[in-house]
>>> print(open('upload.cif').read())   # mmCIF, C-alpha atoms
data_structure
#
loop_
_atom_site.label_atom_id
_atom_site.label_comp_id
_atom_site.auth_asym_id
_atom_site.auth_seq_id
_atom_site.Cartn_x
_atom_site.Cartn_y
_atom_site.Cartn_z
CA MET C 1 -22.52 -35.77 -11.48
CA GLN C 2 -20.65 -35.43 -14.79
CA ASP C 3 -21.43 -31.73 -14.77
CA MET C 4 -19.91 -31.44 -11.28
CA ILE C 5 -16.77 -33.28 -12.43
CA LYS C 6 -16.35 -30.85 -15.33
CA ARG C 7 -16.83 -27.86 -13.05
CA LEU C 8 -14.28 -29.20 -10.57
CA GLU C 9 -11.77 -29.91 -13.35
CA LYS C 10 -12.21 -26.35 -14.60
CA LEU C 11 -11.80 -24.90 -11.09
CA LEU C 12 -8.68 -27.00 -10.48
CA GLY C 13 -7.21 -25.80 -13.77
CA GLN C 14 -7.91 -22.18 -12.84
CA ILE C 15 -6.27 -22.62 -9.42
CA GLN C 16 -3.17 -24.21 -10.93
CA ALA C 17 -2.94 -21.52 -13.62
CA ALA C 18 -3.19 -18.85 -10.91
CA GLN C 19 -0.38 -20.49 -8.92
CA LYS C 20 1.82 -20.47 -12.00
CA PHE C 21 0.94 -16.85 -12.86
CA LEU C 22 1.76 -15.75 -9.30
CA ASN C 23 5.19 -17.43 -9.46
CA LEU C 24 4.67 -19.21 -6.16
CA ALA C 25 7.62 -21.48 -7.01
CA ASP C 26 9.83 -18.35 -7.03
CA ASP C 27 8.44 -17.39 -3.61
CA GLU C 28 9.48 -20.82 -2.30
CA ARG C 29 13.02 -20.25 -3.56
CA VAL C 30 13.03 -16.82 -1.88
CA ILE C 31 11.92 -18.44 1.39
CA ASN C 32 14.71 -21.03 1.19
CA SER C 33 17.28 -18.30 0.52
CA MET C 34 16.07 -16.16 3.43
CA GLU C 35 15.96 -19.12 5.80
CA GLU C 36 19.56 -19.94 4.87
CA SER C 37 20.61 -16.34 5.56
CA LEU C 38 19.06 -16.53 9.03
CA GLN C 39 21.15 -19.61 9.79
CA ASP C 40 24.18 -17.31 9.91
CA PRO C 41 24.54 -16.05 13.52
CA GLN C 42 25.90 -12.74 12.23
CA SER C 43 22.57 -12.02 10.53
CA TRP C 44 21.11 -11.47 14.01
CA ASN C 45 23.60 -8.73 14.86
CA ASN C 46 21.00 -6.34 13.45
CA HIS C 47 17.91 -7.67 15.18
CA GLU C 48 15.50 -5.32 13.36
CA ASP C 49 16.64 -6.49 9.90
CA ALA C 50 16.56 -10.15 10.94
CA ALA C 51 13.06 -9.71 12.35
CA ALA C 52 11.94 -8.12 9.05
CA VAL C 53 13.27 -11.15 7.14
CA SER C 54 11.48 -13.53 9.52
CA LYS C 55 8.24 -11.58 9.08
CA LYS C 56 8.52 -11.78 5.29
CA ILE C 57 9.10 -15.56 5.48
CA ILE C 58 5.91 -15.97 7.54
CA VAL C 59 3.86 -13.87 5.09
CA LEU C 60 5.15 -15.75 2.03
CA LYS C 61 4.61 -19.15 3.63
CA LYS C 62 1.05 -18.24 4.61
CA ARG C 63 0.28 -17.23 1.03
CA ILE C 64 1.81 -20.37 -0.52
CA ASP C 65 0.17 -22.68 2.03
CA SER C 66 -3.27 -21.17 1.46
CA TRP C 67 -3.04 -21.69 -2.33
CA ASN C 68 -1.70 -25.22 -1.87
CA LEU C 69 -4.54 -26.04 0.52
CA LEU C 70 -7.12 -24.74 -1.96
CA GLU C 71 -5.60 -26.91 -4.70
CA LYS C 72 -5.47 -30.00 -2.46
CA GLU C 73 -9.08 -29.63 -1.30
CA THR C 74 -10.26 -29.22 -4.90
CA GLU C 75 -8.32 -32.32 -5.97
CA GLN C 76 -9.85 -34.33 -3.12
CA LEU C 77 -13.36 -33.17 -4.02
CA LEU C 78 -12.75 -34.11 -7.65
CA GLU C 79 -11.74 -37.63 -6.60
CA LEU C 80 -14.93 -37.94 -4.53
CA ALA C 81 -17.05 -36.73 -7.47
CA LYS C 82 -15.52 -39.42 -9.70
CA LEU C 83 -16.91 -42.08 -7.36
CA GLN C 84 -20.34 -41.24 -8.84
CA ASP C 85 -22.06 -41.63 -5.44
CA LYS C 86 -25.48 -39.94 -5.83
CA SER C 87 -25.93 -39.68 -2.04
CA MET C 88 -22.96 -37.31 -1.89
CA GLU C 89 -24.24 -34.95 -4.58
CA LYS C 90 -25.66 -32.32 -2.21
CA ASP C 91 -22.54 -32.24 -0.02
CA LEU C 92 -20.31 -32.09 -3.11
CA LYS C 93 -22.18 -29.08 -4.44
CA GLU C 94 -22.01 -27.22 -1.10
CA THR C 95 -18.27 -27.87 -0.78
CA TYR C 96 -17.69 -26.89 -4.41
CA ASP C 97 -19.52 -23.60 -3.88
CA LYS C 98 -17.28 -22.86 -0.87
CA LEU C 99 -14.10 -23.63 -2.83
CA GLU C 100 -15.23 -21.57 -5.81
CA ASN C 101 -16.07 -18.67 -3.50
CA GLN C 102 -12.60 -18.90 -1.91
CA PHE C 103 -10.99 -18.83 -5.37
CA ASN C 104 -13.10 -15.85 -6.51
CA LYS C 105 -12.11 -13.90 -3.39
CA ARG C 106 -8.44 -14.58 -4.07
CA GLN C 107 -8.51 -13.64 -7.74
CA PHE C 108 -7.55 -10.06 -6.82
CA GLU C 109 -4.03 -11.47 -6.31
CA LEU C 110 -3.84 -12.04 -10.07
CA LYS C 111 -4.11 -8.27 -10.50
CA LEU C 112 -1.41 -7.75 -7.88
CA ALA C 113 1.44 -9.75 -9.35
CA GLY C 114 4.00 -6.95 -9.49
CA PRO C 115 7.34 -7.55 -7.76
CA TYR C 116 6.45 -5.29 -4.80
CA ASP C 117 2.66 -5.54 -4.74
CA LYS C 118 2.81 -7.91 -1.74
CA ASN C 119 4.72 -5.36 0.33
CA SER C 120 3.48 -3.03 3.02
CA ALA C 121 3.28 0.62 1.97
CA ILE C 122 4.37 4.12 2.97
CA LEU C 123 1.60 6.61 2.19
CA SER C 124 2.38 10.35 2.23
CA ILE C 125 -0.15 13.18 2.05
CA HIS C 126 0.88 16.72 1.09
CA ALA C 127 -1.41 19.75 0.97
CA GLY C 128 -1.12 21.56 -2.37
CA THR C 129 -2.58 24.67 -3.98
CA GLY C 130 -5.54 26.09 -2.04
CA GLY C 131 -4.25 27.48 1.26
CA THR C 132 -6.21 26.52 4.38
CA ASP C 133 -8.79 24.69 2.27
CA ALA C 134 -6.03 22.49 0.81
CA GLN C 135 -4.69 21.71 4.29
CA ASP C 136 -8.18 20.78 5.44
CA TRP C 137 -8.55 18.63 2.31
CA ALA C 138 -5.28 16.87 3.11
CA GLU C 139 -6.62 15.98 6.56
CA MET C 140 -9.89 14.70 5.02
CA LEU C 141 -7.83 12.42 2.78
CA MET C 142 -5.81 11.19 5.75
CA ARG C 143 -9.03 10.22 7.56
CA MET C 144 -10.28 8.50 4.38
CA TYR C 145 -7.17 6.34 4.08
CA LEU C 146 -7.07 5.51 7.79
CA ARG C 147 -10.69 4.35 7.59
CA TYR C 148 -9.99 2.31 4.45
CA CYS C 149 -7.05 0.60 6.16
CA GLU C 150 -9.15 -0.15 9.24
CA GLN C 151 -11.91 -1.67 7.10
CA THR C 152 -9.40 -3.72 5.10
CA GLY C 153 -7.62 -5.06 8.17
CA TYR C 154 -4.34 -3.18 7.67
CA THR C 155 -2.51 -1.67 10.62
CA THR C 156 -1.32 1.94 10.41
CA ASP C 157 1.39 3.96 12.12
CA ILE C 158 1.70 7.73 11.59
CA LEU C 159 5.43 8.26 11.04
CA ASN C 160 5.32 12.03 10.62
CA TYR C 161 2.64 14.69 10.93
CA SER C 162 2.70 18.45 10.33
CA LYS C 163 -0.37 20.49 11.35
CA GLY C 164 -1.69 23.41 9.33
CA GLU C 165 -1.62 26.95 10.70
CA GLU C 166 -5.43 27.34 10.91
CA ALA C 167 -6.84 23.90 10.17
CA GLY C 168 -5.99 20.57 8.62
CA ILE C 169 -2.47 19.32 7.95
CA LYS C 170 0.43 20.38 5.79
CA SER C 171 1.61 16.79 5.44
CA ALA C 172 1.51 13.34 6.99
CA VAL C 173 3.40 10.10 6.44
CA ILE C 174 1.65 6.82 7.30
CA GLU C 175 3.07 3.31 7.35
CA VAL C 176 0.43 0.80 6.19
CA SER C 177 1.31 -2.76 7.23
CA GLY C 178 -0.31 -5.81 5.68
CA GLN C 179 -0.08 -8.12 2.71
CA PHE C 180 -0.76 -6.38 -0.64
CA ALA C 181 -1.00 -2.95 1.01
CA TYR C 182 1.18 -1.42 -1.71
CA GLY C 183 -0.57 -3.35 -4.50
CA ARG C 184 -3.95 -2.00 -3.40
CA LEU C 185 -2.94 1.54 -2.53
CA LYS C 186 -0.67 2.25 -5.51
CA SER C 187 -3.81 3.35 -7.38
CA GLU C 188 -3.95 6.39 -5.08
CA TYR C 189 -0.62 7.90 -6.19
CA GLY C 190 -1.16 11.34 -7.69
CA VAL C 191 -2.97 14.64 -7.23
CA HIS C 192 -6.49 14.62 -5.72
CA ARG C 193 -8.78 17.59 -6.41
CA LEU C 194 -11.65 18.80 -4.21
CA VAL C 195 -14.41 21.18 -5.30
CA ARG C 196 -16.73 22.51 -2.57
CA GLN C 197 -18.13 25.57 -0.84
CA SER C 198 -15.31 26.70 1.42
CA PRO C 199 -16.01 26.57 5.19
CA PHE C 200 -13.14 29.00 5.67
CA ASN C 201 -14.62 32.17 4.20
CA ALA C 202 -17.72 34.10 5.30
CA LYS C 203 -19.44 33.91 1.91
CA HIS C 204 -18.81 30.14 1.51
CA LEU C 205 -17.53 30.66 -2.00
CA ARG C 206 -16.78 27.73 -4.25
CA GLN C 207 -13.18 26.64 -3.71
CA THR C 208 -10.93 24.17 -5.53
CA SER C 209 -8.20 22.53 -3.45
CA PHE C 210 -5.45 20.04 -4.23
CA ALA C 211 -3.44 17.45 -2.31
CA LEU C 212 -0.71 15.09 -3.43
CA ILE C 213 -0.80 11.44 -2.40
CA GLU C 214 2.44 9.51 -2.65
CA VAL C 215 2.39 5.71 -2.23
CA LEU C 216 5.66 3.84 -1.89
CA PRO C 217 6.42 0.12 -1.46
CA GLU C 218 8.10 -0.51 1.86
CA ALA C 219 11.51 -2.12 1.47
CA GLU C 220 11.36 -5.53 3.15
CA GLY C 221 14.57 -7.00 4.46
CA PRO C 222 18.05 -5.52 4.75
CA THR C 223 19.22 -6.31 1.21
CA GLU C 224 16.30 -4.86 -0.77
CA ILE C 225 17.71 -1.33 -0.49
CA GLU C 226 21.20 -0.69 0.86
CA ILE C 227 22.24 2.92 1.51
CA ASP C 228 25.90 3.86 1.83
CA SER C 229 26.37 5.78 5.08
CA GLY C 230 28.66 8.17 3.22
CA ASP C 231 25.70 9.21 1.03
CA LEU C 232 23.69 10.42 4.04
CA LYS C 233 23.64 13.77 5.77
CA ILE C 234 22.00 13.51 9.18
CA ASP C 235 20.70 16.58 11.01
CA VAL C 236 19.06 16.59 14.45
CA PHE C 237 16.98 19.43 15.81
CA ARG C 238 14.33 20.26 18.39
CA SER C 239 10.97 18.76 17.55
CA SER C 240 7.91 20.91 16.94
CA GLY C 241 5.62 17.89 16.65
CA HIS C 242 2.95 16.43 18.93
CA GLY C 243 5.05 13.65 20.40
CA GLY C 244 4.01 14.32 23.97
CA GLN C 245 5.70 15.51 27.13
CA SER C 246 9.33 16.67 26.71
CA VAL C 247 9.19 16.32 22.92
CA ASN C 248 10.11 19.98 22.47
CA THR C 249 12.94 20.04 25.03
CA THR C 250 15.43 17.70 23.34
CA ASP C 251 17.00 17.42 19.90
CA SER C 252 14.92 14.36 19.04
CA ALA C 253 13.83 15.26 15.49
CA VAL C 254 15.88 13.81 12.62
CA ARG C 255 16.34 14.99 9.05
CA LEU C 256 17.99 12.64 6.55
CA THR C 257 19.32 13.98 3.26
CA HIS C 258 20.32 11.47 0.60
CA LEU C 259 23.11 13.37 -1.12
CA PRO C 260 23.16 11.59 -4.53
CA THR C 261 19.43 12.17 -5.18
CA GLY C 262 18.71 15.15 -2.92
CA LEU C 263 15.81 13.33 -1.24
CA VAL C 264 15.02 14.71 2.22
CA VAL C 265 13.04 12.87 4.91
CA THR C 266 12.14 14.30 8.31
CA CYS C 267 10.72 12.50 11.32
CA GLN C 268 9.92 14.15 14.65
CA ASP C 269 6.93 12.39 16.15
CA GLU C 270 8.85 10.15 18.57
CA LYS C 271 10.54 11.27 21.79
CA SER C 272 13.53 9.10 20.92
CA GLN C 273 16.04 10.38 18.37
CA LEU C 274 16.92 6.76 17.52
CA LYS C 275 13.29 5.87 16.77
CA ASN C 276 12.88 8.98 14.63
CA LYS C 277 16.01 8.02 12.70
CA GLN C 278 14.74 4.47 12.17
CA LYS C 279 11.39 5.73 10.88
CA ALA C 280 13.03 8.31 8.62
CA MET C 281 15.32 5.62 7.19
CA LYS C 282 12.30 3.42 6.49
CA VAL C 283 10.66 6.22 4.49
CA LEU C 284 13.90 7.07 2.65
CA LYS C 285 14.38 3.44 1.60
CA ALA C 286 10.78 3.34 0.35
CA ARG C 287 11.31 6.52 -1.71
CA LEU C 288 14.49 5.12 -3.27
CA LEU C 289 12.81 1.79 -4.02
CA ALA C 290 9.88 3.58 -5.69
CA LEU C 291 12.28 5.62 -7.84
CA MET C 292 14.14 2.49 -8.89
CA ILE C 293 10.85 0.87 -9.96
CA GLU C 294 9.63 3.99 -11.77
CA GLN C 295 12.89 4.60 -13.62
CA HIS C 296 13.70 0.91 -14.23
CA LYS C 297 17.08 1.27 -12.54
CA SER C 298 19.03 -1.35 -10.62
CA LYS C 299 21.41 1.07 -8.89
CA ILE C 300 20.64 3.98 -6.58
CA SER C 301 23.41 6.01 -8.23
CA GLU C 302 21.44 6.04 -11.52
CA LEU C 303 18.34 7.71 -10.06
CA LYS C 304 17.04 11.18 -10.93
CA VAL C 305 14.38 12.97 -8.87
CA ALA C 306 11.47 14.88 -10.40
CA ASN C 307 8.77 16.63 -8.36
CA LEU C 308 5.04 16.25 -9.05
CA LYS C 309 3.12 19.40 -8.10
CA ALA C 310 -0.33 19.34 -6.54
CA GLU C 311 -2.06 21.87 -8.76
CA TRP C 312 -4.36 22.37 -11.77
CA GLY C 313 -4.00 20.01 -14.71
CA SER C 314 -2.28 17.18 -12.87
CA GLN C 315 -5.15 15.58 -10.92
CA ILE C 316 -5.90 11.86 -11.16
CA ARG C 317 -9.22 12.10 -9.33
CA SER C 318 -11.80 14.77 -8.58
CA TYR C 319 -14.17 14.92 -5.61
CA VAL C 320 -17.02 17.36 -6.20
CA LEU C 321 -19.22 18.34 -3.23
CA HIS C 322 -20.81 21.44 -4.85
CA PRO C 323 -22.87 22.15 -6.94
CA TYR C 324 -23.43 18.37 -7.25
CA SER C 325 -21.95 15.22 -5.70
CA LEU C 326 -19.48 13.18 -7.73
CA VAL C 327 -16.19 11.34 -7.43
CA LYS C 328 -14.51 10.72 -10.79
CA ASP C 329 -11.22 8.98 -11.51
CA HIS C 330 -9.79 10.58 -14.64
CA ARG C 331 -7.62 7.56 -15.52
CA THR C 332 -10.37 4.92 -15.51
CA ASN C 333 -13.44 7.18 -15.99
CA TYR C 334 -15.02 5.37 -13.02
CA GLU C 335 -17.43 7.70 -11.24
CA THR C 336 -19.89 7.56 -8.37
CA ALA C 337 -22.24 10.00 -6.65
CA LYS C 338 -21.58 8.32 -3.26
CA VAL C 339 -19.03 10.91 -2.16
CA ASP C 340 -19.67 10.44 1.56
CA GLN C 341 -19.08 6.69 1.28
CA VAL C 342 -15.80 7.22 -0.59
CA LEU C 343 -14.58 9.77 1.94
CA GLY C 344 -15.63 7.28 4.62
CA GLY C 345 -13.11 4.77 3.29
CA ASP C 346 -15.08 2.87 0.64
CA LEU C 347 -12.28 2.89 -1.95
CA GLU C 348 -12.54 -0.69 -3.20
CA PRO C 349 -14.56 0.09 -6.39
CA LEU C 350 -12.06 2.81 -7.36
CA ILE C 351 -9.12 0.50 -6.68
CA GLU C 352 -10.70 -2.38 -8.59
CA ALA C 353 -11.33 -0.12 -11.60
CA TYR C 354 -7.68 0.98 -11.59
CA LEU C 355 -6.37 -2.58 -11.26
CA GLY C 356 -8.68 -3.72 -14.07
CA LEU C 357 -7.30 -0.98 -16.33
CA HIS C 358 -3.75 -1.90 -15.32
CA ILE C 359 -4.31 -5.53 -16.31
CA GLY C 360 -5.88 -4.40 -19.59
CA GLU C 361 -2.76 -2.39 -20.41
CA LYS C 362 -0.58 -5.44 -19.79
#
>>> encode(input="upload.cif", output="C-alpha cells")
Amino acid sequence: MQDMIKRLEKLLGQIQAAQKFLNLADDERVINSMEESLQDPQSWNNHEDAAAVSKKIIVLKKRIDSWNLLEKETEQLLELAKLQDKSMEKDLKETYDKLENQFNKRQFELKLAGPYDKNSAILSIHAGTGGTDAQDWAEMLMRMYLRYCEQTGYTTDILNYSKGEEAGIKSAVIEVSGQFAYGRLKSEYGVHRLVRQSPFNAKHLRQTSFALIEVLPEAEGPTEIEIDSGDLKIDVFRSSGHGGQSVNTTDSAVRLTHLPTGLVVTCQDEKSQLKNKQKAMKVLKARLLALMIEQHKSKISELKVANLKAEWGSQIRSYVLHPYSLVKDHRTNYETAKVDQVLGGDLEPLIEAYLGLHIGEK
C-alpha cells in the first residue's frame, strides 16, 4: 500500500505541475474577461463575433474542468490509499491505472502550450513546381489531411478550391475546427516533395513534384485581429468555382486585398457573396495573425510579407514512391516505409516527432 501511496503522490504532483505549465489560471482570467464582455448588450450587435466568444468560453471551460476533475479524483484516491485498507488494494490499483492512463493521454497538451496552439486552424494547399503532377500531388495531400482530421475528430470546411486543368487541384483552403487543431497541424507548414513514376506521361518516367502547405491559427473572437476597413480593397466577380446551380451567373466571388501588407484572399465556393466575404475575412485574419506570430509583432502595420516557394531545396518532407517507399521529415529525421498509411492520414508519428523536437529546442 505504501508503494501505491508514493505512486499516487507522484501522479498528483505531475498533474499539478502540468496545470501550472499550461497556465490554466490565465485561462480562467480570460474566461472571466470574455464573460464580462458578453454582459454588454452591444456585444451582441455582431452575432457572429459574440458566438465565437461564447464558443471559446465553452472550449476553455471544458479543458479546465477536465484537468480539475483529474486532480480531484487523484486526490480522493490518495486519501483512500492512506486508509491502509487491504481489501481496497485491487480497486485502488485499477482506478490508479485509469487515472494514469488519462494523464498520459493528455500529456500531448504539454507540447502544445503556445499561445495559439489551442485554436482551430486554416490549412492551405498550393501546387508548386511539377505541372500536372504537382496539381495531382496537391490533391493527394488534401485527401491526406481530410482523412487525418476525420480520424482525429476534427471537423473540416473547404473554404476555397481551385481545380487543375487536367487533374488535381491548383489550390485549396480548408478550415479545421477543433481544440489544438493548429497546435497539431503546425508541423505541416512548408514544402512537401513527392518522387514517383508519373501517371501523366506514356513512359511513366520518374517525376518530382512539390506542393506548399500553409497552416495558420484561426483568430478566435473579434478582438484577436482587428482590420481597419480603410485598409481593405474588396472586389467582387463572377465565380468559376463548383458552388452549385447559379454559382456562375452572379457576382458572388469575393477578393480581399489587405493594402498595407499586399495579402490577397479569394473565396468563391458559396452562392452568397456575403458568405464568401465572411470566409475570405476569416482566412485573411488567420494570415495576419500568423505573420504577427512569425515576426514577433504586436501591430499589423509592422508586418512584412515574404513568399515561400514550393520548389527544390526548400522541402520539409519527402514522400518517395519509386524506386523505393519512404517518407522522411528533413527537420526531425523521422522516417517510415509506410507511405500508404501516411497518405491515408496516419500523421501522428510525424507530428509527435516534430513536437518532441520543438520541446527539445525550448
>>> resolve_selection(input="upload.cif", expression="the PyMOL selection byres ((chain C and resi 188) around 9)", output="PDB file with C-alpha atoms, keeping the file's coordinate frame")
ATOM      1  CA  ARG C 184      -3.950  -2.000  -3.400  1.00  0.00           C
ATOM      2  CA  LEU C 185      -2.940   1.540  -2.530  1.00  0.00           C
ATOM      3  CA  LYS C 186      -0.670   2.250  -5.510  1.00  0.00           C
ATOM      4  CA  SER C 187      -3.810   3.350  -7.380  1.00  0.00           C
ATOM      5  CA  TYR C 189      -0.620   7.900  -6.190  1.00  0.00           C
ATOM      6  CA  GLY C 190      -1.160  11.340  -7.690  1.00  0.00           C
ATOM      7  CA  VAL C 191      -2.970  14.640  -7.230  1.00  0.00           C
ATOM      8  CA  HIS C 192      -6.490  14.620  -5.720  1.00  0.00           C
ATOM      9  CA  ILE C 213      -0.800  11.440  -2.400  1.00  0.00           C
ATOM     10  CA  GLU C 214       2.440   9.510  -2.650  1.00  0.00           C
ATOM     11  CA  VAL C 215       2.390   5.710  -2.230  1.00  0.00           C
ATOM     12  CA  ILE C 316      -5.900  11.860 -11.160  1.00  0.00           C
ATOM     13  CA  ARG C 317      -9.220  12.100  -9.330  1.00  0.00           C
ATOM     14  CA  ILE C 351      -9.120   0.500  -6.680  1.00  0.00           C
TER      15      ILE C 351
END
>>> residues_near_point(input="upload.cif", point="(-11.4, 7.0, 7.5)", cutoff="9 Å", atoms="all atoms listed in the file", output="VMD selection string")
chain C and resid 140 to 151 343 to 346
>>> atom_distance(input="upload.cif", atom1="atom CA of C:Gln197", atom2="atom CA of C:Ile174")
28.4 Å
>>> closest_atom_pairs(input="upload.cif", of="stretch 169-269 of chain C", to="stretch 323-339 of chain C", cutoff="9 Å", atoms="only C-alpha atoms", output="CSV")
residue,atom,partner,partner_atom,distance
C:Val195,CA,C:Pro323,CA,8.7
C:Arg196,CA,C:Pro323,CA,7.5
C:Gln197,CA,C:Pro323,CA,8.4
C:Arg206,CA,C:Pro323,CA,8.7
>>> residues_around(input="upload.cif", residues="C:Ile57", least_positions_apart="3", cutoff="9 Å", atoms="all atoms listed in the file", output="ChimeraX atom specification")
/C:30-32,34-35,52-54,60-62
>>> resolve_selection(input="upload.cif", expression="the PyMOL selection byres ((chain C and resi 168) around 6)", output="ChimeraX atom specification")
/C:135-136,139,164,167,169
>>> atom_distance(input="upload.cif", atom1="atom CA of C:Asp133", atom2="atom CA of C:Leu321")
13.4 Å
>>> atom_distance(input="upload.cif", atom1="atom CA of C:Ile122", atom2="atom CA of C:Leu212")
13.7 Å
>>> resolve_selection(input="upload.cif", expression="the PyMOL selection byres ((chain C and resi 194) around 6)", output="list in words")
Arg193, Val195, Thr208, Ser209, Ser318, Tyr319 and Val320 of chain C
>>> write_last_selection(input="upload.cif", atoms="C-alpha atoms", output="compact mmCIF listing (two decimals), in the frame of the given file")
# COMPACT_ATOMS: atom_id res chain seq x y z
CA ARG C 193 -8.78 17.59 -6.41
CA VAL C 195 -14.41 21.18 -5.30
CA THR C 208 -10.93 24.17 -5.53
CA SER C 209 -8.20 22.53 -3.45
CA SER C 318 -11.80 14.77 -8.58
CA TYR C 319 -14.17 14.92 -5.61
CA VAL C 320 -17.02 17.36 -6.20
